[in-house]
Amino acid sequence: MRPRILVAEGNTAEARQRRVSLAGATYSESYADVLHRLAPHAVIDICYPADAGANLPDAAGLEGYDGVAITGSSLNVYSAEPEVTRQVDFARAVFASGVPFFGSCWGLQVAATAAGGSVRRSPKGREMGLARKIHVTEAGRNHPLHQGKAPVFDAPAIHTDEVDVRPAGMIVTATNAFSEVQAAEIRHDGGTFWGVQYHPEFTITDIAIIVASRAETLLDEGLFRDAADIRAYVADIEALAADPTRADIAWKFGIDADVIDPGLRTRELRNWLEAMVAPAMSARGRA
């Protein structure tokens with residue numbers, strides 16, 4: 001049997017349209033493409049829980065999936081807008097279904113909130129481009145989420161929010177100097193969630209797109225000196241994406257194999273597919 005996976009888009013319709021204009025695909029479509037590369041035989045559906053009246057699976061429908069993944073988003077959990085609360089309710093339903101659950105960035109924040117935790121705006125500002133020196137915690141050293149990862153690594157990232165109050169049932173498996181919760185497992189209401197504050201699904205091209213699309217904000221925040229500085233950075237990152245052997249660019253920005261090598265960069269997703277989704281299929285007699 002082929003694994004059935006549901007990808008939940010974290011963004012509103014307006015944000016999805018903006019992403020398509022920049023990258024040619026929504027976050028959920030790009031996420032599904034990465035999962036397809038890791039599991040070529042998977043059947044992957046996409047849903048939009050931020051949308052009013054969205055056609056979301058009910059409890060029986062969720063149980064027909066072998067995994068559910070939530071993408072990143074430009075929303076803020078603490079805003080408690082309907083577009084947010086609908087997604088928190090959806091996450092609670094996924095937990096209750098017992099289906100293996102994964103989330104990147106916003107996905108981690110939504111799952112933590114659904115399980116009783118809370119999210120805040122980071123007092124350190126924006127973690128942008130790459131999350132540096134993420135290190136696996138003692139609890140994470142033998143956790144299958146990080147199987148095959150180095151003890152310390154970098155990863156694509158963009159966020160201004162972070163988990164503040166940890167829900168009961170959360171185990172922090174990776175951290176760095178910017179955010180205490182960079183990766184975690186959450187057990188809640190019969191379900192198990194694995195999540196990361198960074199973006200293992202992002203490509204190097206995604207880093208360039210994100211920086212270029214937020215140029216004005218990044219200038220205001222002092223992360224770049226001027227517009228020419230941003231253009232030069234984006235050009236370099238695009239060149240590295242086109243030719244990952246460009247050691248000059250990798251050295252210039254301190255970008256190592258943990259970001260350049262797709263196998264290492266997406267390892268958390270592969271680990272989830274192998275350690276959570278595949279056993280769920282077997283347990284249901286679908287493997």
# chains A, B, ... in the order shown; residues from 1 in each chain; ligands from 1
call {"tool": "residues_around", "arguments": {"residues": "Tyr27 (chain A)", "least_positions_apart": "2", "cutoff": "9 Å", "atoms": "only C-alpha atoms", "output": "list in words"}}
result
Glu9, Gly10, Asn11, Arg16, Arg19, Val20, Ala25, Glu29, Ser30, Tyr31, Ala32, Thr71, Gly72 and Ser73 of chain A
call {"tool": "residues_around", "arguments": {"residues": "region 249-263 of chain A", "least_positions_apart": "2", "cutoff": "10 Å", "atoms": "only C-alpha atoms", "output": "ChimeraX atom specification"}}
result
/A:34,38,130,132,148-150,152-156,200-204,233,236-237,239-241,243-247,265-270
call {"tool": "residues_around", "arguments": {"residues": "Phe193 (chain A)", "least_positions_apart": "6", "cutoff": "12 Å", "atoms": "only C-alpha atoms", "output": "PyMOL selection string"}}
result
chain A and resi 67-70+91-92+94-104+107-112+114-115+145+169-172+183-187+272+276-277
call {"tool": "write_last_selection", "arguments": {"atoms": "C-alpha atoms", "output": "JSON list (two decimals), in the first residue's frame"}}
result
[["chain", "number", "residue", "atom", "x", "y", "z"],
["A", 67, "GLY", "CA", 0.60, 11.11, 8.68],
["A", 68, "VAL", "CA", -0.33, 14.78, 8.90],
["A", 69, "ALA", "CA", 2.17, 17.64, 8.45],
["A", 70, "ILE", "CA", 1.62, 21.37, 9.03],
["A", 91, "ALA", "CA", -4.31, 20.34, 15.47],
["A", 92, "ARG", "CA", -6.34, 19.14, 18.45],
["A", 94, "VAL", "CA", -5.09, 15.45, 14.69],
["A", 95, "PHE", "CA", -3.77, 14.73, 18.18],
["A", 96, "ALA", "CA", -7.04, 12.99, 19.08],
["A", 97, "SER", "CA", -6.90, 10.88, 15.92],
["A", 98, "GLY", "CA", -3.56, 9.37, 16.94],
["A", 99, "VAL", "CA", -2.20, 9.89, 13.41],
["A", 100, "PRO", "CA", 1.56, 10.64, 13.30],
["A", 101, "PHE", "CA", 1.89, 14.41, 13.31],
["A", 102, "PHE", "CA", 4.73, 16.70, 12.12],
["A", 103, "GLY", "CA", 5.16, 20.44, 11.91],
["A", 104, "SER", "CA", 7.70, 23.01, 10.76],
["A", 107, "GLY", "CA", 3.37, 23.82, 12.81],
["A", 108, "LEU", "CA", 5.36, 23.46, 16.04],
["A", 109, "GLN", "CA", 3.77, 26.60, 17.47],
["A", 110, "VAL", "CA", 0.23, 25.48, 16.61],
["A", 111, "ALA", "CA", 0.77, 21.99, 18.03],
["A", 112, "ALA", "CA", 2.27, 23.38, 21.25],
["A", 114, "ALA", "CA", -3.21, 22.90, 20.92],
["A", 115, "ALA", "CA", -1.56, 20.81, 23.64],
["A", 145, "LEU", "CA", 13.79, 12.60, 15.05],
["A", 169, "GLY", "CA", 4.05, 16.14, 27.35],
["A", 170, "MET", "CA", 6.67, 18.19, 25.50],
["A", 171, "ILE", "CA", 10.25, 16.95, 25.30],
["A", 172, "VAL", "CA", 12.70, 19.46, 23.85],
["A", 183, "ALA", "CA", 12.80, 20.81, 18.05],
["A", 184, "ALA", "CA", 10.46, 18.82, 20.24],
["A", 185, "GLU", "CA", 8.18, 15.86, 20.67],
["A", 186, "ILE", "CA", 4.71, 16.47, 22.11],
["A", 187, "ARG", "CA", 2.49, 13.69, 23.38],
["A", 272, "TRP", "CA", 9.41, 10.96, 10.60],
["A", 276, "MET", "CA", 6.41, 7.21, 12.57],
["A", 277, "VAL", "CA", 4.49, 6.99, 9.30]]
call {"tool": "select_by_dssp", "arguments": {"residues": "region 149-264 of chain A", "states": "strand (DSSP E or B)", "output": "PyMOL selection string"}}
result
chain A and resi 152-159+161-163+170-175+183-188+191-196
call {"tool": "write_last_selection", "arguments": {"atoms": "C-alpha atoms", "output": "PDB file, in the first residue's frame"}}
result
ATOM      1  CA  VAL A 152      25.357  20.548  16.226  1.00  0.00           C
ATOM      2  CA  PHE A 153      23.963  21.772  12.900  1.00  0.00           C
ATOM      3  CA  ASP A 154      22.501  24.734  11.011  1.00  0.00           C
ATOM      4  CA  ALA A 155      19.139  24.758   9.223  1.00  0.00           C
ATOM      5  CA  PRO A 156      17.030  27.083   7.055  1.00  0.00           C
ATOM      6  CA  ALA A 157      14.830  29.263   9.254  1.00  0.00           C
ATOM      7  CA  ILE A 158      12.630  32.310   9.414  1.00  0.00           C
ATOM      8  CA  HIS A 159      10.564  33.196  12.467  1.00  0.00           C
ATOM      9  CA  ASP A 161       7.738  33.816  17.265  1.00  0.00           C
ATOM     10  CA  GLU A 162       8.716  30.908  19.509  1.00  0.00           C
ATOM     11  CA  VAL A 163       7.269  28.491  22.036  1.00  0.00           C
ATOM     12  CA  MET A 170       6.670  18.187  25.501  1.00  0.00           C
ATOM     13  CA  ILE A 171      10.250  16.945  25.302  1.00  0.00           C
ATOM     14  CA  VAL A 172      12.699  19.456  23.854  1.00  0.00           C
ATOM     15  CA  THR A 173      15.089  17.574  21.573  1.00  0.00           C
ATOM     16  CA  ALA A 174      17.102  20.465  20.095  1.00  0.00           C
ATOM     17  CA  THR A 175      17.861  24.058  21.055  1.00  0.00           C
ATOM     18  CA  ALA A 183      12.801  20.808  18.046  1.00  0.00           C
ATOM     19  CA  ALA A 184      10.457  18.817  20.237  1.00  0.00           C
ATOM     20  CA  GLU A 185       8.175  15.859  20.673  1.00  0.00           C
ATOM     21  CA  ILE A 186       4.710  16.473  22.111  1.00  0.00           C
ATOM     22  CA  ARG A 187       2.485  13.686  23.384  1.00  0.00           C
ATOM     23  CA  HIS A 188      -1.092  14.822  23.871  1.00  0.00           C
ATOM     24  CA  GLY A 191      -1.300  11.487  19.668  1.00  0.00           C
ATOM     25  CA  THR A 192       2.390  12.112  19.070  1.00  0.00           C
ATOM     26  CA  PHE A 193       3.786  15.176  17.348  1.00  0.00           C
ATOM     27  CA  TRP A 194       7.328  15.818  16.146  1.00  0.00           C
ATOM     28  CA  GLY A 195       8.164  19.388  15.277  1.00  0.00           C
ATOM     29  CA  VAL A 196      10.970  21.803  14.507  1.00  0.00           C
TER      30      VAL A 196
END
call {"tool": "residues_around", "arguments": {"residues": "region 210-214 of chain A", "least_positions_apart": "6", "cutoff": "9 Å", "atoms": "only C-alpha atoms", "output": "VMD selection string"}}
result
chain A and resid 22 128 to 129 158 230 to 231 233 to 234
call {"tool": "write_last_selection", "arguments": {"atoms": "all heavy atoms", "output": "tab-separated table (two decimals), in the first residue's frame"}}
result
chain	number	residue	atom	x	y	z
A	22	LEU	N	5.77	34.70	-5.78
A	22	LEU	CA	7.21	34.75	-5.51
A	22	LEU	C	7.94	33.47	-5.91
A	22	LEU	O	9.05	33.52	-6.42
A	22	LEU	CB	7.45	35.01	-4.02
A	22	LEU	CG	7.01	36.36	-3.47
A	22	LEU	CD1	7.08	36.35	-1.95
A	22	LEU	CD2	7.88	37.47	-4.03
A	128	MET	N	16.70	34.55	10.97
A	128	MET	CA	16.47	34.73	9.53
A	128	MET	C	17.51	34.03	8.68
A	128	MET	O	18.72	34.11	8.96
A	128	MET	CB	16.52	36.24	9.23
A	128	MET	CG	16.24	36.59	7.79
A	128	MET	SD	14.51	36.25	7.40
A	128	MET	CE	14.51	36.50	5.63
A	129	GLY	N	17.05	33.33	7.65
A	129	GLY	CA	17.96	32.68	6.71
A	129	GLY	C	18.40	31.33	7.20
A	129	GLY	O	17.99	30.30	6.67
A	158	ILE	N	13.14	30.94	9.35
A	158	ILE	CA	12.63	32.31	9.41
A	158	ILE	C	11.48	32.32	10.42
A	158	ILE	O	10.48	31.63	10.24
A	158	ILE	CB	12.16	32.85	8.05
A	158	ILE	CG1	11.48	34.21	8.26
A	158	ILE	CG2	11.25	31.88	7.33
A	158	ILE	CD1	11.09	34.93	7.03
A	230	ILE	N	21.45	43.58	0.32
A	230	ILE	CA	20.46	42.50	0.18
A	230	ILE	C	20.56	41.87	-1.20
A	230	ILE	O	20.56	40.64	-1.34
A	230	ILE	CB	19.04	43.04	0.43
A	230	ILE	CG1	18.87	43.42	1.90
A	230	ILE	CG2	17.99	41.99	0.03
A	230	ILE	CD1	17.50	43.96	2.24
A	231	ARG	N	20.65	42.70	-2.24
A	231	ARG	CA	20.74	42.16	-3.60
A	231	ARG	C	21.98	41.28	-3.76
A	231	ARG	O	21.91	40.21	-4.40
A	231	ARG	CB	20.76	43.30	-4.61
A	231	ARG	CG	19.43	44.02	-4.76
A	231	ARG	CD	19.42	44.90	-6.01
A	231	ARG	NE	20.41	45.97	-5.93
A	231	ARG	CZ	20.17	47.17	-5.41
A	231	ARG	NH1	18.98	47.45	-4.91
A	231	ARG	NH2	21.13	48.09	-5.40
A	233	TYR	N	23.53	39.60	-1.37
A	233	TYR	CA	23.32	38.36	-0.62
A	233	TYR	C	22.42	37.40	-1.40
A	233	TYR	O	22.73	36.21	-1.54
A	233	TYR	CB	22.69	38.68	0.74
A	233	TYR	CG	22.36	37.46	1.57
A	233	TYR	CD1	23.31	36.88	2.39
A	233	TYR	CD2	21.09	36.88	1.51
A	233	TYR	CE1	23.01	35.75	3.15
A	233	TYR	CE2	20.78	35.75	2.25
A	233	TYR	CZ	21.75	35.19	3.07
A	233	TYR	OH	21.45	34.06	3.80
A	234	VAL	N	21.31	37.92	-1.91
A	234	VAL	CA	20.37	37.08	-2.66
A	234	VAL	C	21.05	36.48	-3.88
A	234	VAL	O	20.88	35.30	-4.19
A	234	VAL	CB	19.12	37.90	-3.06
A	234	VAL	CG1	18.27	37.12	-4.05
A	234	VAL	CG2	18.31	38.24	-1.82
call {"tool": "select_by_dssp", "arguments": {"residues": "region 35-274 of chain A", "states": "alpha helix (DSSP H)", "output": "PyMOL selection string"}}
result
chain A and resi 35-38+59-62+82-97+106-114+204-213+215-220+227-242+247-253+257-260+262-265+267-272
call {"tool": "residues_around", "arguments": {"residues": "region 42-50 of chain A", "least_positions_apart": "3", "cutoff": "8 Å", "atoms": "only C-alpha atoms", "output": "list in words"}}
result
Arg2, Pro3, Arg4, Ile5, Leu6, Val7, Ala8, Glu9, Gly10, Asn11, Thr12, Ser28, Glu29, Ala32, Leu35, His36, Ala39, Ala54, Asn55, Leu56, Pro82, Glu83, Val84, Arg86, Gln87 and Phe90 of chain A
